[in-house]
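To start, the structure under review is shown below, and the notes come after it.
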Amino acid sequence: MTGLLTRMSPQTLRIVALLAVLMAVLLFFATQIDNYLTGRLFNRISSSVAIMALIATGQTLVILTRNIDLSVGSIVGFVAFATGSLIAALPGLHPVALVLFAMGLGGLFGAANGLVVAYARIPAIIVTLATLAIFRSLLVEFSDGRSITSNTLPDWLVSFPNTTVFSIGDFDFRAGFLAAFLVVIIVHLALNKLRAARRFYAVGSNPEAAEMAGIDTKRTVFTAFVLCGMLAGLAGFMFLARFGNITVVAGFGFELKSIAAAVLGGVNIFGGSGTVIGAFIGAVLVDLIETSLVRWPLVSEFWREAVLGTLILLAVTADAILMRRLIKLRTDREAARDHERERAAERDRATHAEAGS
């Protein structure tokens, strides 16, 4: 077991530590809630995490470049309402066209953030804090007091998230979850295989060195915000499909949950390191804690947010402790191997010296 751990990369070790924390949370609530570990829990988490997984993936791209996007919740809300209004007015619109509209609209919001952050060089936290309010105000103005209701939406849209693609026992793998997971895998592969995508890591690790290496840091930051907006737009489409009823508060609070998911998933808040797979697991962990607190009778609804924050803090701490121990274990093993090789080399030299004499 220890030999296997020492051969893992730091990112893989972090995923292992995060999965251990996830299992610990599951086991804890299993001792507190009756009939907890069932297929129903999996189905509930997989349905709700699809939206947050997309937002956390986009947030990860931005954080990798040493930035942050606080406007994603407002983007989700606006796109969900605008997409619902469009399909209600044009019920015969092709599903692919509707998805492209949602992603394109989200991308426009992301581009607005990216232009100001990348080219005007205003801190992202200031820019996106402002656009969080601006985009939400635009939604209030655009909606004019109206709400989108599920009875105005086509059946294919409302049924999409809960359509079961395949089942394993009581565990249903639904279309919404599988679609979101596919997007996460595609982004993960792009970040690991495409040279252009690796620039996010380079810019986040050392912007000055990245510029000296010929990387256009402004364009890279701008691209990260555009992609984040597009993924938030896709999440807006998923939000519309899952809930059907959209009001001006749609997506409220998603920005903080997406940041929590990314950080829990091992994405360095100072940029330069992390994976979208980790952010995906972080989104699962956040959703699991939140869902479990609703069913935990010992905690009233007035304390759930405080308990959620405490458990997230504990999860981050446990993840950090496990990560440090795993890295120390790997370092010690590698040091022991290096020491053994040096001793073997000394013995060989001594043997050759004796043979020569």
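Order determines the names: the first chain of the structure tokens is A, the second B, and so forth; residues in each chain are numbered 1 upward, and ligands are numbered 1 upward as they are shown.
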
Check your understanding: Taking the backbone alone, and naming residues the way the document does, which bits of segment 89-301 of chain A are alpha helix (DSSP H) by DSSP, as a PyMOL selection string?
Key -> chain A and resi 89+95-114+124-143+155-159+175-193+199-205+207-212+217-243+254-264+276-295

Review point. Near Ser85 of chain A, counting only C-alpha atoms, which residues have an atom at most 9 Å away, once you skip same-chain residues fewer than 3 positions from it, shown as a list in words?
Key: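 After dropping sequence-adjacent residues, the list is Ala80, Phe81, Ala82, Ala88, Ala89, Leu90, Ile148, Thr152 and Leu153 of chain A.
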
Exercise for review: Apply DSSP to the structure's backbone, then extract all residues of segment 155-269 of chain A labelled strand (DSSP E or B) and return them as a ChimeraX atom specification.
Suggested key: /A:164-168,171-174,246

Review point. Got a sec: who's within 9 Å of Arg146 of chain A, counting only C-alpha atoms, leaving out chain neighbours fewer than 2 positions off, as a PyMOL selection string?
Key: chain A and resi 142-144+148+247-248

Please list as a PDB file with N, CA and C atoms, in the first residue's frame every residue within 12 Å of Val72 of chain A, counting only C-alpha atoms and excluding residues in the same chain fewer than 6 positions away.
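Just written: selection_1.pdb:
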```pdb
ATOM      1  N   ILE A  51     -25.446  20.371 -11.820  1.00  0.00           N
ATOM      2  CA  ILE A  51     -25.381  21.821 -12.035  1.00  0.00           C
ATOM      3  C   ILE A  51     -24.114  22.399 -11.411  1.00  0.00           C
ATOM      4  N   MET A  52     -23.866  22.047 -10.150  1.00  0.00           N
ATOM      5  CA  MET A  52     -22.708  22.599  -9.454  1.00  0.00           C
ATOM      6  C   MET A  52     -21.403  22.112 -10.056  1.00  0.00           C
ATOM      7  N   LEU A  54     -20.693  21.691 -13.181  1.00  0.00           N
ATOM      8  CA  LEU A  54     -20.378  22.542 -14.334  1.00  0.00           C
ATOM      9  C   LEU A  54     -19.853  23.902 -13.878  1.00  0.00           C
ATOM     10  N   ILE A  55     -20.504  24.478 -12.866  1.00  0.00           N
ATOM     11  CA  ILE A  55     -20.065  25.784 -12.376  1.00  0.00           C
ATOM     12  C   ILE A  55     -18.689  25.684 -11.728  1.00  0.00           C
ATOM     13  N   ALA A  56     -18.464  24.622 -10.951  1.00  0.00           N
ATOM     14  CA  ALA A  56     -17.166  24.441 -10.299  1.00  0.00           C
ATOM     15  C   ALA A  56     -16.060  24.219 -11.317  1.00  0.00           C
ATOM     16  N   THR A  57     -16.374  23.555 -12.423  1.00  0.00           N
ATOM     17  CA  THR A  57     -15.380  23.359 -13.487  1.00  0.00           C
ATOM     18  C   THR A  57     -14.967  24.695 -14.097  1.00  0.00           C
ATOM     19  N   GLY A  58     -15.950  25.531 -14.391  1.00  0.00           N
ATOM     20  CA  GLY A  58     -15.631  26.861 -14.910  1.00  0.00           C
ATOM     21  C   GLY A  58     -14.878  27.694 -13.906  1.00  0.00           C
ATOM     22  N   GLN A  59     -15.282  27.625 -12.644  1.00  0.00           N
ATOM     23  CA  GLN A  59     -14.587  28.370 -11.594  1.00  0.00           C
ATOM     24  C   GLN A  59     -13.141  27.916 -11.478  1.00  0.00           C
ATOM     25  N   THR A  60     -12.900  26.622 -11.648  1.00  0.00           N
ATOM     26  CA  THR A  60     -11.539  26.094 -11.579  1.00  0.00           C
ATOM     27  C   THR A  60     -10.653  26.712 -12.645  1.00  0.00           C
ATOM     28  N   VAL A  62     -10.847  29.609 -13.968  1.00  0.00           N
ATOM     29  CA  VAL A  62     -10.526  30.985 -13.586  1.00  0.00           C
ATOM     30  C   VAL A  62      -9.528  31.012 -12.425  1.00  0.00           C
ATOM     31  N   PHE A  78     -29.629  34.406 -14.910  1.00  0.00           N
ATOM     32  CA  PHE A  78     -30.049  35.137 -16.105  1.00  0.00           C
ATOM     33  C   PHE A  78     -30.213  34.189 -17.285  1.00  0.00           C
ATOM     34  N   VAL A  79     -29.252  33.301 -17.481  1.00  0.00           N
ATOM     35  CA  VAL A  79     -29.318  32.379 -18.606  1.00  0.00           C
ATOM     36  C   VAL A  79     -30.512  31.439 -18.475  1.00  0.00           C
ATOM     37  N   GLY A 106     -24.012  32.892 -21.828  1.00  0.00           N
ATOM     38  CA  GLY A 106     -23.097  32.845 -20.690  1.00  0.00           C
ATOM     39  C   GLY A 106     -21.699  33.299 -21.070  1.00  0.00           C
ATOM     40  N   GLY A 107     -21.263  32.913 -22.273  1.00  0.00           N
ATOM     41  CA  GLY A 107     -19.952  33.328 -22.754  1.00  0.00           C
ATOM     42  C   GLY A 107     -19.843  34.837 -22.905  1.00  0.00           C
ATOM     43  N   PHE A 109     -21.382  37.100 -21.029  1.00  0.00           N
ATOM     44  CA  PHE A 109     -21.176  37.619 -19.669  1.00  0.00           C
ATOM     45  C   PHE A 109     -19.736  37.370 -19.214  1.00  0.00           C
ATOM     46  N   GLY A 110     -19.233  36.181 -19.519  1.00  0.00           N
ATOM     47  CA  GLY A 110     -17.857  35.880 -19.167  1.00  0.00           C
ATOM     48  C   GLY A 110     -16.870  36.775 -19.880  1.00  0.00           C
ATOM     49  N   ASN A 113     -16.603  40.100 -18.157  1.00  0.00           N
ATOM     50  CA  ASN A 113     -15.702  40.005 -17.003  1.00  0.00           C
ATOM     51  C   ASN A 113     -14.247  39.948 -17.442  1.00  0.00           C
ATOM     52  N   THR A 128     -15.897  41.086 -10.559  1.00  0.00           N
ATOM     53  CA  THR A 128     -16.996  40.115 -10.534  1.00  0.00           C
ATOM     54  C   THR A 128     -17.958  40.357  -9.371  1.00  0.00           C
ATOM     55  N   LEU A 129     -17.483  41.009  -8.316  1.00  0.00           N
ATOM     56  CA  LEU A 129     -18.412  41.415  -7.256  1.00  0.00           C
ATOM     57  C   LEU A 129     -19.390  42.454  -7.791  1.00  0.00           C
ATOM     58  N   ALA A 130     -18.881  43.345  -8.650  1.00  0.00           N
ATOM     59  CA  ALA A 130     -19.747  44.350  -9.275  1.00  0.00           C
ATOM     60  C   ALA A 130     -20.689  43.707 -10.291  1.00  0.00           C
ATOM     61  N   THR A 131     -20.149  42.830 -11.142  1.00  0.00           N
ATOM     62  CA  THR A 131     -21.003  42.209 -12.166  1.00  0.00           C
ATOM     63  C   THR A 131     -21.998  41.223 -11.556  1.00  0.00           C
ATOM     64  N   LEU A 132     -21.678  40.670 -10.393  1.00  0.00           N
ATOM     65  CA  LEU A 132     -22.665  39.851  -9.682  1.00  0.00           C
ATOM     66  C   LEU A 132     -23.953  40.646  -9.490  1.00  0.00           C
ATOM     67  N   ALA A 133     -23.813  41.888  -9.020  1.00  0.00           N
ATOM     68  CA  ALA A 133     -24.984  42.746  -8.800  1.00  0.00           C
ATOM     69  C   ALA A 133     -25.572  43.236 -10.116  1.00  0.00           C
ATOM     70  N   ILE A 134     -24.703  43.559 -11.077  1.00  0.00           N
ATOM     71  CA  ILE A 134     -25.185  44.078 -12.360  1.00  0.00           C
ATOM     72  C   ILE A 134     -25.987  43.025 -13.109  1.00  0.00           C
ATOM     73  N   PHE A 135     -25.444  41.818 -13.224  1.00  0.00           N
ATOM     74  CA  PHE A 135     -26.142  40.749 -13.949  1.00  0.00           C
ATOM     75  C   PHE A 135     -27.457  40.386 -13.261  1.00  0.00           C
ATOM     76  N   ARG A 136     -27.479  40.398 -11.916  1.00  0.00           N
ATOM     77  CA  ARG A 136     -28.712  40.102 -11.195  1.00  0.00           C
ATOM     78  C   ARG A 136     -29.740  41.201 -11.419  1.00  0.00           C
ATOM     79  N   PHE A 225     -12.179  33.309 -18.415  1.00  0.00           N
ATOM     80  CA  PHE A 225     -13.456  33.892 -18.025  1.00  0.00           C
ATOM     81  C   PHE A 225     -14.554  33.570 -19.034  1.00  0.00           C
ATOM     82  N   VAL A 226     -14.222  33.569 -20.319  1.00  0.00           N
ATOM     83  CA  VAL A 226     -15.217  33.223 -21.335  1.00  0.00           C
ATOM     84  C   VAL A 226     -15.685  31.779 -21.158  1.00  0.00           C
ATOM     85  N   LEU A 227     -14.746  30.868 -20.959  1.00  0.00           N
ATOM     86  CA  LEU A 227     -15.100  29.460 -20.760  1.00  0.00           C
ATOM     87  C   LEU A 227     -15.903  29.273 -19.475  1.00  0.00           C
ATOM     88  N   CYS A 228     -15.533  30.012 -18.435  1.00  0.00           N
ATOM     89  CA  CYS A 228     -16.288  29.940 -17.187  1.00  0.00           C
ATOM     90  C   CYS A 228     -17.724  30.411 -17.417  1.00  0.00           C
ATOM     91  N   GLY A 229     -17.884  31.491 -18.174  1.00  0.00           N
ATOM     92  CA  GLY A 229     -19.221  31.986 -18.489  1.00  0.00           C
ATOM     93  C   GLY A 229     -20.024  30.992 -19.312  1.00  0.00           C
ATOM     94  N   MET A 230     -19.362  30.339 -20.263  1.00  0.00           N
ATOM     95  CA  MET A 230     -20.050  29.345 -21.095  1.00  0.00           C
ATOM     96  C   MET A 230     -20.518  28.157 -20.262  1.00  0.00           C
ATOM     97  N   LEU A 231     -19.675  27.708 -19.338  1.00  0.00           N
ATOM     98  CA  LEU A 231     -20.059  26.587 -18.483  1.00  0.00           C
ATOM     99  C   LEU A 231     -21.164  27.007 -17.505  1.00  0.00           C
ATOM    100  N   ALA A 232     -21.119  28.249 -17.028  1.00  0.00           N
ATOM    101  CA  ALA A 232     -22.205  28.750 -16.190  1.00  0.00           C
ATOM    102  C   ALA A 232     -23.497  28.845 -16.996  1.00  0.00           C
ATOM    103  N   GLY A 233     -23.372  29.206 -18.290  1.00  0.00           N
ATOM    104  CA  GLY A 233     -24.541  29.231 -19.165  1.00  0.00           C
ATOM    105  C   GLY A 233     -25.131  27.840 -19.357  1.00  0.00           C
ATOM    106  N   LEU A 234     -24.255  26.852 -19.535  1.00  0.00           N
ATOM    107  CA  LEU A 234     -24.714  25.470 -19.645  1.00  0.00           C
ATOM    108  C   LEU A 234     -25.381  25.022 -18.342  1.00  0.00           C
ATOM    109  N   ALA A 235     -24.819  25.452 -17.216  1.00  0.00           N
ATOM    110  CA  ALA A 235     -25.439  25.155 -15.917  1.00  0.00           C
ATOM    111  C   ALA A 235     -26.808  25.829 -15.811  1.00  0.00           C
ATOM    112  N   GLY A 236     -26.947  27.018 -16.411  1.00  0.00           N
ATOM    113  CA  GLY A 236     -28.241  27.694 -16.427  1.00  0.00           C
ATOM    114  C   GLY A 236     -29.283  26.882 -17.195  1.00  0.00           C
ATOM    115  N   ALA A 250     -32.914  32.795  -8.984  1.00  0.00           N
ATOM    116  CA  ALA A 250     -32.313  31.560  -9.505  1.00  0.00           C
ATOM    117  C   ALA A 250     -30.785  31.682  -9.499  1.00  0.00           C
ATOM    118  N   GLY A 251     -30.115  30.669  -8.991  1.00  0.00           N
ATOM    119  CA  GLY A 251     -28.657  30.654  -8.952  1.00  0.00           C
ATOM    120  C   GLY A 251     -28.052  31.434  -7.809  1.00  0.00           C
ATOM    121  N   PHE A 252     -28.876  31.938  -6.924  1.00  0.00           N
ATOM    122  CA  PHE A 252     -28.354  32.739  -5.807  1.00  0.00           C
ATOM    123  C   PHE A 252     -27.494  31.872  -4.891  1.00  0.00           C
ATOM    124  N   GLY A 253     -26.280  32.340  -4.585  1.00  0.00           N
ATOM    125  CA  GLY A 253     -25.378  31.621  -3.702  1.00  0.00           C
ATOM    126  C   GLY A 253     -24.488  30.597  -4.388  1.00  0.00           C
ATOM    127  N   PHE A 254     -24.681  30.385  -5.686  1.00  0.00           N
ATOM    128  CA  PHE A 254     -23.887  29.383  -6.391  1.00  0.00           C
ATOM    129  C   PHE A 254     -22.414  29.766  -6.475  1.00  0.00           C
ATOM    130  N   GLU A 255     -22.131  31.060  -6.457  1.00  0.00           N
ATOM    131  CA  GLU A 255     -20.734  31.483  -6.585  1.00  0.00           C
ATOM    132  C   GLU A 255     -19.892  30.980  -5.404  1.00  0.00           C
ATOM    133  N   LEU A 256     -20.431  31.072  -4.195  1.00  0.00           N
ATOM    134  CA  LEU A 256     -19.679  30.627  -3.026  1.00  0.00           C
ATOM    135  C   LEU A 256     -19.552  29.105  -2.994  1.00  0.00           C
ATOM    136  N   LYS A 257     -20.610  28.408  -3.382  1.00  0.00           N
ATOM    137  CA  LYS A 257     -20.555  26.946  -3.403  1.00  0.00           C
ATOM    138  C   LYS A 257     -19.559  26.450  -4.451  1.00  0.00           C
ATOM    139  N   SER A 258     -19.478  27.146  -5.588  1.00  0.00           N
ATOM    140  CA  SER A 258     -18.536  26.728  -6.629  1.00  0.00           C
ATOM    141  C   SER A 258     -17.101  26.934  -6.176  1.00  0.00           C
ATOM    142  N   ILE A 259     -16.850  28.025  -5.466  1.00  0.00           N
ATOM    143  CA  ILE A 259     -15.505  28.270  -4.927  1.00  0.00           C
ATOM    144  C   ILE A 259     -15.172  27.218  -3.875  1.00  0.00           C
TER     145      ILE A 259
END
```

Check your understanding: Can you list, as a PyMOL selection string, every protein, DNA or RNA residue that comes within 12 Å of Ile215 of chain A when you count only C-alpha atoms, leaving out same-chain residues fewer than 4 positions away?
Key -> chain A and resi 195-204+206-211+219-221

Review point. Separation of atom CA of Asn67 of chain A and atom CA of Arg325 of chain A, in Å?
Key: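 So the two atoms, atom CA of Asn67 of chain A and atom CA of Arg325 of chain A, lie 28.8 Å apart.
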
Review point. Skipping near chain neighbours, those fewer than 6 positions away, what residues fall within 6 Å of Ala279 of chain A using only C-alpha atoms, listed as a VMD selection string?
Key: chain A and resid 261 to 262 265

Please produce a file of those selected residues containing N, CA and C atoms, as a CSV table (one decimal), in the first residue's frame.
```
chain,number,residue,atom,x,y,z
A,261,ALA,N,-16.4,24.2,-3.7
A,261,ALA,CA,-16.1,22.9,-4.4
A,261,ALA,C,-14.8,22.9,-5.0
A,262,ALA,N,-14.3,23.9,-5.6
A,262,ALA,CA,-13.0,24.0,-6.2
A,262,ALA,C,-11.9,23.9,-5.2
A,265,GLY,N,-11.7,20.6,-3.6
A,265,GLY,CA,-11.2,19.6,-4.6
A,265,GLY,C,-9.7,19.8,-4.8
```

Exercise for review: May I ask which of the residues A:Ile33, A:Leu191, A:Leu138, A:Leu61 is the closest one to Trp296 of chain A, counting only C-alpha atoms?
Suggested key: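 Using only C-alpha atoms, Trp296 of chain A sits closest to A:Ile33.
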
Check your understanding: Residues at most 12 Å from Gly92 of chain A, counting only C-alpha atoms, excluding those fewer than 4 positions away in the same chain, as a ChimeraX atom specification?
Key -> /A:86-88,96-98,153-157

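Closest approach to Leu182 of chain A from the set A:Phe302, A:Phe280, A:Phe239, A:Phe166 is made by A:Phe280, with distances taken over only C-alpha atoms.
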
Exercise for review: Compare A:Ala20, A:Ala224, A:Met103, A:Val25 by their minimum atom-to-atom distance to Thr65 of chain A, counting only C-alpha atoms, and give me the closest one.
Suggested key: A:Ala224

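Distance check against Ile126 of chain A using only C-alpha atoms: of A:Ser71, A:Thr149, A:Thr275, A:Thr83, the minimum falls on A:Ser71.
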
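The space separating atom CA of Ile289 of chain A from atom CA of Leu189 of chain A comes to 28.2 Å.
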
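We find atom CA of Gln11 of chain A and atom CA of Thr217 of chain A to be spaced 24.2 Å apart.
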